[in-house]
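Beneath this line is the structure, given in structure tokens, with notes to follow.
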There are 2 protein chains.
Amino acid sequence: MAAKSPQRQPVVGGRAAVSPTAVREAALTLFAERGYHGTALSQIAKALDIQTPSLYNHMASKQDLLVAILQDTTDRVLAEYDAAVDGVEDVGERLSAATYTYALRHATHPREAVIVNRDATAIDEPVRAAVYAKRRKHADDFRELIQKGVESGRFDVENATVAAFAILEMCVSIARWFDPDGPVSAEEIARQHGEFALRIVGVRSALSACSDGAS
Amino acid sequence: MAAKSPQRQPVVGGRAAVSPTAVREAALTLFAERGYHGTALSQIAKALDIQTPSLYNHMASKQDLLVAILQDTTDRVLAEYDAAVDGVEDVGERLSAATYTYALRHATHPREAVIVNRDATAIDEPVRAAVYAKRRKHADDFRELIQKGVESGRFDVENATVAAFAILEMCVSIARWFDPDGPVSAEEIARQHGEFALRIVGVRSALSACSDGAS
């Protein structure tokens, strides 16, 4: 590839062509594919078609790229949860909306999901503890929502913690199996998972009467 | 550690102390913790307290260890499914039993689950294709079971493939979050997931009437 020759891509020329967004995109793709530890800065530079030293015009370190991805992703997950349940009174509708948005994120942001679930251990303290605390906050929000539904008599589950794990993890796994070019859209997958969440907690939503299914 | 000295652990001495099961156990733990690519044979030898050359008395290669783990795990998953549904007529009971056994496997064999889900890409052909075919067979068994329940009017799901993924993946994820020293036993987690599976497909099993939960 001619573009790889040092003469072709001087530092200044590379800098002009590369945006912070492009650096983040290249890091996202490579971290997701090869893992944080398996990705060299030289590979990120190559993906951007610049020399490795030029990369330092756009970021401080590989660690900083990972931290930015993890902080941004966990912040967005919490913000999306808050936006989904904001102003929604009914606990069932809250659970359905929170599950929809979490499922949709995993269908549309699979790279971030893979990195958060595999490479969070690779970030240094104190950022790691902060990222973990945000992930716990999100899981706690779900658990408390389910517990509230149980206490109000609207939900029927034996253990809110187990139900919360089941709902959250079936959403997380969408990032592994969902095919954006497949027959079912991301929004439709998310909607069905919102329905699954209601069913898991014992709400049959707008579906058919239970007399058909009772054993 | 004195045992690491070459004089202490000659090849023959190491051989006498190490069983194939012990080699498999050490590989399982290290592959699960560090990944297949991140584990050196010298680390497996060290865990067994033998010299690396001694290891070749017990296995042909690191690849062979991985192949044995993946083949054994996928074979057992299929055998456990068959045993769970054998002689069970009712499609709901079949789904519940198949989910119970798959969930229980992930609660009790977390190392195997991590390796199958992360390192299957590291095995060479033609074994990789055979392992993948077995995994697809298991997913197909679930999908066809759900489809059969839908066709018989016993289950109520919009898309059997999506429901099968949701059920299978919530079971797989147990390997990541379940704590064997926690307050809920593996069998109880598995039982609750069997119940979640029935709920996801629209069967309320032995639970309370749906009039409470309908929105």
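To be explicit about the labels: the chains of the structure tokens are called A, B, and onward in the order shown, and within each one the residues are counted from 1, while ligands get numbers from 1 in the order they are shown.
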Residue contacts of Val131 (chain B) (12 Å, only C-alpha atoms) excluding same-chain residues fewer than 3 positions away, as a PyMOL selection string: chain B and resi 66-78+116-117+119-128+134-138
Query - Residue contacts of Pro180 (chain A) (9 Å, only C-alpha atoms) excluding same-chain residues fewer than 3 positions away, as a ChimeraX atom specification - result: /A:107-108,183-186
Could you write out that same residue set with N, CA and C atoms as an mmCIF file, in the first residue's frame?
data_model
loop_
_atom_site.group_PDB
_atom_site.id
_atom_site.type_symbol
_atom_site.label_atom_id
_atom_site.label_comp_id
_atom_site.auth_asym_id
_atom_site.auth_seq_id
_atom_site.Cartn_x
_atom_site.Cartn_y
_atom_site.Cartn_z
ATOM 1 N N ALA A 107 -27.978 -3.620 20.517
ATOM 2 C CA ALA A 107 -28.155 -3.955 19.101
ATOM 3 C C ALA A 107 -27.428 -2.955 18.208
ATOM 4 N N THR A 108 -27.315 -1.702 18.680
ATOM 5 C CA THR A 108 -26.753 -0.644 17.822
ATOM 6 C C THR A 108 -25.306 -0.287 18.181
ATOM 7 N N PRO A 183 -33.172 -10.236 9.243
ATOM 8 C CA PRO A 183 -34.578 -9.948 8.931
ATOM 9 C C PRO A 183 -35.314 -9.104 9.977
ATOM 10 N N VAL A 184 -34.764 -9.004 11.193
ATOM 11 C CA VAL A 184 -35.465 -8.290 12.261
ATOM 12 C C VAL A 184 -34.665 -7.034 12.633
ATOM 13 N N SER A 185 -35.334 -5.880 12.699
ATOM 14 C CA SER A 185 -34.642 -4.620 12.981
ATOM 15 C C SER A 185 -34.208 -4.531 14.443
ATOM 16 N N ALA A 186 -33.274 -3.626 14.716
ATOM 17 C CA ALA A 186 -32.804 -3.398 16.087
ATOM 18 C C ALA A 186 -33.966 -2.960 16.974
#
Students should find that CA of Arg34 (chain B) and CA of Lys62 (chain B) are spaced 13.7 Å
- prompt: If we count only C-alpha atoms, what is near Leu95 (chain B) at a cut-off of 12 Å, once residues fewer than 5 positions away on the same chain are taken out, given as number ranges by chain?
  reply: B: 81-82, 84-86, 88-90, 100-103, 141-149, 154-155, 163-164, 167-168, 191, 193-203, 205
Run DSSP on the backbone and give me the residues of chain A it puts in helix (DSSP H, G or I), as a ChimeraX atom specification. /A:2-4,11-17,20-34,41-47,52-55,62-85,91-108,110-122,127-151,160-172,174-177,186-200,210-212
(request) Fewer than 5 positions away in the same chain doesn't count, so skip those; otherwise give me all residues within 12 Å of Phe178 (chain A), counting only C-alpha atoms, as a VMD selection string. (result) (chain A and resid 103 to 110 170 to 173 183 to 190) or (chain B and resid 161 to 162 165 to 166 169)
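Distance-wise, CA of Leu48 (chain B) and CA of Arg118 (chain B) end up 24.1 Å apart.
Distances here use only C-alpha atoms; by that measure, the residue among A:Ala27, A:Ile44, A:Glu33, A:Gln51 closest to chain B is A:Glu33.
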Shortest contact to Val114 (chain B), candidates B:Glu93, B:Thr39, B:Glu25, B:Ile174, atoms counted only C-alpha atoms, goes to B:Ile174
Rank A:Val150, A:Ala133, A:Ala40, A:Leu30 by their smallest atom-to-atom distance to chain B, using only C-alpha atoms, and report the top residue only.
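Checking each of A:Val150, A:Ala133, A:Ala40, A:Leu30 against chain B, counting only C-alpha atoms, the winner is A:Val150.
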